[in-house]
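Report on the structure given below.
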Amino acid sequence: MDSEYLLEINGLTTRIDNREILHGLNLRIQPGETHVIFGPNGSGKTTLMMTIMGFPKYRVTKGSIFFKGKDITHLPLDERARLGIGISLQRPPVVRGVKTRDMVAACLKKEDGSEIIEKLAKKANLADFLDRDINHGFSGGEIKRSELLQLLAQAPEVSLLDEPESGVDLENIALIGELINNLLQKIHPIRKRTHSGLIISHTGHILEYVNARTGYVMCNGRIVCEGDPHDILNTIKDKGYQECVSCLRR
Amino acid sequence: MSKKVTNSYEEKARAAENKKAAIGDDIDLSLYKSSFAQAATHVDTKNISKKDKGLMLSAGVMLDDLSQRSGTFVQMDNTPIHSSIRQEGIEIMATSQAMAKYEWLKDYWWQAVAVDADKYTAHVELHQSNGYFIRALPGAKTVYPVQACLYLNKTGLIQDVHNIVIAEEGSELHIITGCTTAFKNEPGLHLGVSEFFIKKDAKVTFTMIHSWTPQVGVRPRTGAIIEKNGLFLSNYVIMKPVQSLQLYPAARCVGENATVRFNTVMVSPPNSKMDIGSRVFLDAKRARTEIVSRAITTGGDIIARGYIDGSKPDVKGHLECRGLIMGDSGTIHAIPELKGTLAGVDLSHEAAVGKIAEEEVEYLMARGLTRDEATAAIIRGFLKVDIEGLPPMLNSEMQKAIADSEKELF
């Protein structure tokens, strides 16, 4: 790797249609680190993730995205996935006829991965969902676990997790946390971890299960605060996002 | 068959000789050669040419290894050339032979399809057509499917076929039928009448694979009568070009709890016209049906029809029709129809026609699939109809036939 950063974002400006959503945003993640983004609705959190992943609707007009020292700013979506970036979508589409098993197999990319698929599905408590159409009739929690199951098979070096705990009942949130910890190699000491994560969290619940090194607050398409994720969460809980915005103004 | 009965049908057929079909393009029968049915012969499958066997295999009919079949029937043009049975309790022979053998068969003749429905049914009657007679005796259950192939060998000819399938009480019959041609770019016309009689507690699965060529016209005419607790499961697959194809089989549930499922998978390449549908009449208490169709056009025209008629208490029917338009030309016209004539019937439908959703393609690409791989996976999934009740072997053969044809789509 040419860079000390796994992911390096410089001055990123993104437009959807003719509307600028992100305005010159900077972010750096080293191997093995987990970062969390907080922010009110419409602040651009999901846009940031979709831009990093390379969804065509999210057009970069300024700035750059480097992955392992390689400029991927204009690389197609599928090539980024194959390089080692993965995403858990907040609201993935239903794809009728395409089974969960097919999706996990596509992520795994192994000739005969059926045993691994069964094992991973069992871990995600989705063994009974493998032969169902992907996301069809899944509950909120099942969708999140299915997204994480696919990522576990894909084993990306950077995982972009868009609100992994939203719509998940309290009983299942610990499982979600466990799956994320697996994905981000939390069982290893920090120096041995190679997989990093960028997590969007609305409620911060996930921090009770997943340790994160850095937290950010996004407002109006900019990162307005950076620091210890628990401190940031406590501030938001006590004083709301307005405090983050006014803090910037000071 | 008694002379009197023959005359009665002949008279009706004569009267309908020029009767256009209610739907579908009218085909000028005078443009084709008509021939009278030939007496059945028996050719060992070993003596059928490799080329012919290869073509039949593409329509799901395996002649090199009959061990996985309970019986086999092959008709070339208007001549039945092979019929063999490998299981007790199952009968398979040419309809002309069956008519000679069983006097009672006249009671079934033209009972599920009207002889004067249109000029095609009339043509079949007036040309003393052959076809297959398949019967499962009471309580008999096929271990392996019975297979039948209707093969168009001579160009410019009308193939007239009249098939009768009878599943006696408590029997179970699995049939796979393949229809195909020996030629690639010459004209031909297939007229096929099929009448199914599913008795009390009997089950019939019927999987038909059509593999035609661009100059062939096809007009099947199918009717089924299902008695108490009977099940009729019909699967139809067409993924190869055809000049003009129109079929609209009708199944009538006449006994309580009778169940019918129609699954159709159709792909229409450029210059192909397909007008395909299924009709079910729920004429008995608690009768049920499900009609599912998947249509893809890569440039051809498709009319996808469906009709459910509910007229008795506690009947239930659902119709699902989904179409994908790939490319810049081609049309899909979905016509789902429901008719209820009694309070308490439960009929529903869903229909959707469109292109592949970009959101779905991108979702798969985000997992590392290329655009082409993602599109192929979505189409494969679209064409994969989950068929409840179809034996695993038959299901995998049907899925294989679909998968083989899919390759030509990309």
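The chains in the structure tokens are called A, B, ... from first to last as shown; in each chain the residues are counted from 1, and the ligands are counted from 1 in the order shown.
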Discussion item. Please identify the alpha helix (DSSP H) residues within region 29-219 of chain A (assignment by DSSP from backbone atoms) and present them as a PyMOL selection string.
Written reply: chain A and resi 45-53+77-83+100-108+114-123+140-154+170-183
Discussion item. At a cut-off of 9 Å, which residues of chain A touch chain B? Count only C-alpha atoms and give the answer as a PyMOL selection string.
Written reply: chain A and resi 53-56+77-83+85-87+89+92-99+102-104+106-107+133+150-151+154
Practice prompt. Name all residues at most 6 Å from region 161-166 of chain A (count only C-alpha atoms; drop same-chain ones fewer than 3 positions away) and give them as JSON, numbers by chain.
Written response: {"A": [87, 88, 89, 90, 144, 199, 200, 201]}
Keeping only N, CA, C and O atoms, write the selected residues to a file as a PDB file, in the first residue's frame.
ATOM      1  N   ILE A  87     -20.455  -2.224   0.996  1.00  0.00           N
ATOM      2  CA  ILE A  87     -21.455  -1.331   1.597  1.00  0.00           C
ATOM      3  C   ILE A  87     -22.668  -2.125   2.098  1.00  0.00           C
ATOM      4  O   ILE A  87     -23.087  -3.110   1.493  1.00  0.00           O
ATOM      5  N   SER A  88     -23.179  -1.672   3.240  1.00  0.00           N
ATOM      6  CA  SER A  88     -24.447  -2.187   3.737  1.00  0.00           C
ATOM      7  C   SER A  88     -25.439  -1.048   3.563  1.00  0.00           C
ATOM      8  O   SER A  88     -25.306   0.006   4.198  1.00  0.00           O
ATOM      9  N   LEU A  89     -26.401  -1.255   2.670  1.00  0.00           N
ATOM     10  CA  LEU A  89     -27.329  -0.171   2.349  1.00  0.00           C
ATOM     11  C   LEU A  89     -28.408  -0.044   3.423  1.00  0.00           C
ATOM     12  O   LEU A  89     -28.789  -1.023   4.065  1.00  0.00           O
ATOM     13  N   GLN A  90     -28.892   1.169   3.540  1.00  0.00           N
ATOM     14  CA  GLN A  90     -29.961   1.405   4.522  1.00  0.00           C
ATOM     15  C   GLN A  90     -31.265   0.765   4.048  1.00  0.00           C
ATOM     16  O   GLN A  90     -31.950   0.120   4.816  1.00  0.00           O
ATOM     17  N   LYS A 144     -30.966  -5.830   7.614  1.00  0.00           N
ATOM     18  CA  LYS A 144     -29.633  -5.430   8.114  1.00  0.00           C
ATOM     19  C   LYS A 144     -28.722  -6.638   8.243  1.00  0.00           C
ATOM     20  O   LYS A 144     -27.543  -6.592   7.897  1.00  0.00           O
ATOM     21  N   ILE A 199     -19.186   3.958   9.816  1.00  0.00           N
ATOM     22  CA  ILE A 199     -20.563   3.625  10.190  1.00  0.00           C
ATOM     23  C   ILE A 199     -21.393   4.893  10.340  1.00  0.00           C
ATOM     24  O   ILE A 199     -20.969   5.832  11.025  1.00  0.00           O
ATOM     25  N   ILE A 200     -22.545   4.899   9.724  1.00  0.00           N
ATOM     26  CA  ILE A 200     -23.494   5.985   9.978  1.00  0.00           C
ATOM     27  C   ILE A 200     -24.418   5.516  11.093  1.00  0.00           C
ATOM     28  O   ILE A 200     -24.959   4.399  11.031  1.00  0.00           O
ATOM     29  N   SER A 201     -24.555   6.328  12.106  1.00  0.00           N
ATOM     30  CA  SER A 201     -25.478   5.952  13.180  1.00  0.00           C
ATOM     31  C   SER A 201     -26.354   7.143  13.537  1.00  0.00           C
ATOM     32  O   SER A 201     -25.874   8.253  13.728  1.00  0.00           O
TER      33      SER A 201
END
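Relative to CA of Leu170 (chain A), CA of Cys244 (chain A) is found at 28.3 Å.
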Discussion item. One number please: CA of Asp52 (chain B) to CA of Ser234 (chain B), in Å, one decimal.
Written reply: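 Interatomic distance, CA of Asp52 (chain B) to CA of Ser234 (chain B): 25.8 Å.
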Discussion item. Quick one: residues within 9 Å of Glu20 (chain A), only C-alpha atoms, excluding same-chain residues fewer than 5 positions away - as a PyMOL selection string?
Written reply: chain A and resi 13-15+61+221
The selected residues should be written to file as a PDB file, in the first residue's frame (atoms: N, CA and C atoms).
ATOM      1  N   THR A  13     -16.553  17.066  -3.277  1.00  0.00           N
ATOM      2  CA  THR A  13     -17.797  17.779  -3.575  1.00  0.00           C
ATOM      3  C   THR A  13     -18.645  16.865  -4.455  1.00  0.00           C
ATOM      4  N   THR A  14     -19.884  16.637  -4.041  1.00  0.00           N
ATOM      5  CA  THR A  14     -20.753  15.700  -4.774  1.00  0.00           C
ATOM      6  C   THR A  14     -22.077  16.360  -5.133  1.00  0.00           C
ATOM      7  N   ARG A  15     -22.511  16.060  -6.333  1.00  0.00           N
ATOM      8  CA  ARG A  15     -23.822  16.557  -6.776  1.00  0.00           C
ATOM      9  C   ARG A  15     -24.748  15.388  -7.084  1.00  0.00           C
ATOM     10  N   THR A  61     -17.777  16.321  -8.356  1.00  0.00           N
ATOM     11  CA  THR A  61     -17.415  17.457  -9.205  1.00  0.00           C
ATOM     12  C   THR A  61     -16.078  18.074  -8.793  1.00  0.00           C
ATOM     13  N   GLY A 221     -23.817  18.877   4.539  1.00  0.00           N
ATOM     14  CA  GLY A 221     -22.815  18.427   3.570  1.00  0.00           C
ATOM     15  C   GLY A 221     -21.380  18.665   3.984  1.00  0.00           C
TER      16      GLY A 221
END
Discussion item. Residues near region 243-257 of chain B, anyone? I mean within 8 Å using only C-alpha atoms, not counting same-chain ones fewer than 5 positions away, as a ChimeraX atom specification.
Written reply: /B:23-25,200,213-230,271-288,305
Item to complete: Check the smallest atom-to-atom distance from each of B:Ile158, B:Ala59, B:Ile48, B:Leu126 to His210 (chain B) using only C-alpha atoms, then report the winner.
Response: B:Ala59
Fill in: Counting only C-alpha atoms, the option among B:Lys51, B:His190, B:Lys106, B:Arg14 closest to Thr155 (chain B)
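Using only C-alpha atoms, the shortest distance to Thr155 (chain B) belongs to B:His190.
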Fill in: Non-local contacts of region 140-148 of chain B (6 Å; only C-alpha atoms; under 6 positions in same chain excluded) as a PyMOL selection string
chain B and resi 68-74+89+171-177
Expected file: the selected residues, C-alpha atoms, as an mmCIF file, in the first residue's frame:
data_model
loop_
_atom_site.group_PDB
_atom_site.id
_atom_site.type_symbol
_atom_site.label_atom_id
_atom_site.label_comp_id
_atom_site.auth_asym_id
_atom_site.auth_seq_id
_atom_site.Cartn_x
_atom_site.Cartn_y
_atom_site.Cartn_z
ATOM 1 C CA GLN B 68 -35.243 -41.844 -16.691
ATOM 2 C CA ARG B 69 -38.633 -41.939 -18.401
ATOM 3 C CA SER B 70 -41.779 -43.937 -17.650
ATOM 4 C CA GLY B 71 -42.767 -43.888 -21.285
ATOM 5 C CA THR B 72 -41.922 -42.236 -24.587
ATOM 6 C CA PHE B 73 -43.894 -41.117 -27.607
ATOM 7 C CA VAL B 74 -42.559 -39.496 -30.784
ATOM 8 C CA GLY B 89 -50.114 -48.778 -14.885
ATOM 9 C CA SER B 171 -53.229 -41.535 -10.096
ATOM 10 C CA GLU B 172 -50.211 -39.318 -10.567
ATOM 11 C CA LEU B 173 -48.816 -38.529 -13.967
ATOM 12 C CA HIS B 174 -45.836 -36.383 -14.883
ATOM 13 C CA ILE B 175 -45.464 -35.491 -18.525
ATOM 14 C CA ILE B 176 -42.795 -33.591 -20.386
ATOM 15 C CA THR B 177 -43.575 -32.606 -23.955
#
Practice prompt. Would you mind listing what lies within 12 Å of His23 (chain A) as a VMD selection string, with only C-alpha atoms counted and same-chain residues fewer than 6 positions away left out?
Written response: chain A and resid 10 to 15 43 to 44 47 to 48 60 to 63 218 to 224
Kindly save the residues from that selection, with all heavy atoms included, as a tab-separated table (two decimals), in the first residue's frame.
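Wrote it out as part19.tsv, contents follow:
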chain	number	residue	atom	x	y	z
A	10	ASN	N	-10.33	13.81	-0.06
A	10	ASN	CA	-9.83	15.19	-0.05
A	10	ASN	C	-10.78	16.13	-0.79
A	10	ASN	O	-11.06	15.91	-1.97
A	10	ASN	CB	-8.46	15.27	-0.75
A	10	ASN	CG	-7.44	14.37	-0.07
A	10	ASN	OD1	-7.21	14.46	1.12
A	10	ASN	ND2	-6.86	13.47	-0.85
A	11	GLY	N	-11.28	17.12	-0.10
A	11	GLY	CA	-12.08	18.18	-0.73
A	11	GLY	C	-13.24	17.68	-1.57
A	11	GLY	O	-13.53	18.22	-2.64
A	12	LEU	N	-13.91	16.65	-1.08
A	12	LEU	CA	-14.93	15.97	-1.89
A	12	LEU	C	-16.21	16.81	-2.03
A	12	LEU	O	-16.85	17.18	-1.04
A	12	LEU	CB	-15.27	14.62	-1.27
A	12	LEU	CG	-16.15	13.70	-2.10
A	12	LEU	CD1	-15.42	13.20	-3.34
A	12	LEU	CD2	-16.61	12.51	-1.27
A	13	THR	N	-16.55	17.07	-3.28
A	13	THR	CA	-17.80	17.78	-3.58
A	13	THR	C	-18.64	16.87	-4.46
A	13	THR	O	-18.16	16.36	-5.47
A	13	THR	CB	-17.50	19.11	-4.30
A	13	THR	OG1	-16.68	19.90	-3.44
A	13	THR	CG2	-18.76	19.87	-4.64
A	14	THR	N	-19.88	16.64	-4.04
A	14	THR	CA	-20.75	15.70	-4.77
A	14	THR	C	-22.08	16.36	-5.13
A	14	THR	O	-22.65	17.10	-4.33
A	14	THR	CB	-21.05	14.46	-3.90
A	14	THR	OG1	-19.84	13.79	-3.62
A	14	THR	CG2	-21.99	13.49	-4.59
A	15	ARG	N	-22.51	16.06	-6.33
A	15	ARG	CA	-23.82	16.56	-6.78
A	15	ARG	C	-24.75	15.39	-7.08
A	15	ARG	O	-24.30	14.34	-7.57
A	15	ARG	CB	-23.67	17.37	-8.08
A	15	ARG	CG	-23.16	18.77	-7.86
A	15	ARG	CD	-23.00	19.48	-9.20
A	15	ARG	NE	-22.66	20.89	-8.97
A	15	ARG	CZ	-23.54	21.87	-8.85
A	15	ARG	NH1	-24.82	21.62	-8.99
A	15	ARG	NH2	-23.14	23.10	-8.63
A	43	SER	N	-28.26	15.55	6.12
A	43	SER	CA	-26.98	16.24	6.28
A	43	SER	C	-25.94	15.75	5.26
A	43	SER	O	-24.88	16.34	5.13
A	43	SER	CB	-26.44	16.03	7.70
A	43	SER	OG	-26.31	14.65	7.96
A	44	GLY	N	-26.24	14.66	4.56
A	44	GLY	CA	-25.33	14.19	3.51
A	44	GLY	C	-24.57	12.92	3.88
A	44	GLY	O	-23.67	12.50	3.15
A	47	THR	N	-25.16	10.22	1.29
A	47	THR	CA	-24.53	10.66	0.04
A	47	THR	C	-23.02	10.40	0.09
A	47	THR	O	-22.42	9.96	-0.90
A	47	THR	CB	-24.80	12.17	-0.17
A	47	THR	OG1	-26.21	12.34	-0.31
A	47	THR	CG2	-24.11	12.70	-1.41
A	48	LEU	N	-22.41	10.65	1.25
A	48	LEU	CA	-20.97	10.41	1.39
A	48	LEU	C	-20.66	8.93	1.12
A	48	LEU	O	-19.76	8.59	0.36
A	48	LEU	CB	-20.50	10.81	2.80
A	48	LEU	CG	-19.05	10.44	3.14
A	48	LEU	CD1	-18.07	11.13	2.20
A	48	LEU	CD2	-18.72	10.80	4.59
A	60	VAL	N	-19.10	13.17	-8.55
A	60	VAL	CA	-18.04	13.96	-7.90
A	60	VAL	C	-17.65	15.09	-8.84
A	60	VAL	O	-17.26	14.86	-9.98
A	60	VAL	CB	-16.81	13.07	-7.60
A	60	VAL	CG1	-15.68	13.91	-7.02
A	60	VAL	CG2	-17.18	11.95	-6.65
A	61	THR	N	-17.78	16.32	-8.36
A	61	THR	CA	-17.41	17.46	-9.20
A	61	THR	C	-16.08	18.07	-8.79
A	61	THR	O	-15.43	18.75	-9.58
A	61	THR	CB	-18.51	18.55	-9.17
A	61	THR	OG1	-18.78	18.86	-7.79
A	61	THR	CG2	-19.78	18.07	-9.83
A	62	LYS	N	-15.68	17.86	-7.57
A	62	LYS	CA	-14.37	18.33	-7.10
A	62	LYS	C	-13.82	17.35	-6.07
A	62	LYS	O	-14.60	16.65	-5.42
A	62	LYS	CB	-14.50	19.71	-6.41
A	62	LYS	CG	-14.44	20.89	-7.34
A	62	LYS	CD	-14.48	22.17	-6.50
A	62	LYS	CE	-15.29	23.24	-7.22
A	62	LYS	NZ	-15.78	24.26	-6.31
A	63	GLY	N	-12.52	17.36	-5.89
A	63	GLY	CA	-11.90	16.55	-4.85
A	63	GLY	C	-11.58	15.14	-5.32
A	63	GLY	O	-11.74	14.81	-6.51
A	218	MET	N	-21.84	15.41	10.85
A	218	MET	CA	-22.04	16.04	9.54
A	218	MET	C	-23.27	16.93	9.59
A	218	MET	O	-24.30	16.54	10.13
A	218	MET	CB	-22.27	14.96	8.47
A	218	MET	CG	-21.00	14.52	7.78
A	218	MET	SD	-21.36	13.45	6.37
A	218	MET	CE	-21.70	14.66	5.12
A	219	CYS	N	-23.14	18.13	9.04
A	219	CYS	CA	-24.29	19.03	8.89
A	219	CYS	C	-24.18	19.71	7.55
A	219	CYS	O	-23.07	20.16	7.17
A	219	CYS	CB	-24.29	20.08	10.00
A	219	CYS	SG	-24.89	19.46	11.56
A	220	ASN	N	-25.24	19.78	6.84
A	220	ASN	CA	-25.27	20.51	5.56
A	220	ASN	C	-24.12	20.14	4.63
A	220	ASN	O	-23.49	21.02	4.02
A	220	ASN	CB	-25.27	22.03	5.80
A	220	ASN	CG	-26.46	22.43	6.62
A	220	ASN	OD1	-27.56	21.90	6.42
A	220	ASN	ND2	-26.26	23.31	7.58
A	221	GLY	N	-23.82	18.88	4.54
A	221	GLY	CA	-22.82	18.43	3.57
A	221	GLY	C	-21.38	18.66	3.98
A	221	GLY	O	-20.47	18.59	3.15
A	222	ARG	N	-21.15	18.99	5.26
A	222	ARG	CA	-19.78	19.22	5.74
A	222	ARG	C	-19.58	18.46	7.05
A	222	ARG	O	-20.52	18.25	7.80
A	222	ARG	CB	-19.54	20.71	6.01
A	222	ARG	CG	-19.49	21.55	4.76
A	222	ARG	CD	-19.14	23.00	5.10
A	222	ARG	NE	-18.99	23.77	3.88
A	222	ARG	CZ	-19.99	24.35	3.24
A	222	ARG	NH1	-21.23	24.25	3.72
A	222	ARG	NH2	-19.78	25.00	2.12
A	223	ILE	N	-18.31	18.09	7.33
A	223	ILE	CA	-17.99	17.55	8.65
A	223	ILE	C	-17.74	18.76	9.55
A	223	ILE	O	-16.84	19.57	9.28
A	223	ILE	CB	-16.78	16.62	8.59
A	223	ILE	CG1	-17.18	15.31	7.87
A	223	ILE	CG2	-16.26	16.31	9.98
A	223	ILE	CD1	-16.09	14.31	7.71
A	224	VAL	N	-18.55	18.88	10.57
A	224	VAL	CA	-18.45	20.08	11.42
A	224	VAL	C	-17.78	19.77	12.76
A	224	VAL	O	-17.49	20.69	13.52
A	224	VAL	CB	-19.84	20.72	11.66
A	224	VAL	CG1	-20.43	21.23	10.36
A	224	VAL	CG2	-20.78	19.74	12.34
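Atom to atom, CA of Asp228 (chain A) and CA of Gly197 (chain A) stand 15.5 Å apart.
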Item to complete: From a DSSP pass on the backbone, collect the residues of region 79-304 of chain B flagged as strand (DSSP E or B) and hand them back as a PyMOL selection string.
Response: chain B and resi 79-85+90-94+130+132-136+141+146-152+157-167+172-181+188-198+203-211+216-226+231-238+244-247+250-253+259-268+273-282+288-297+301-304
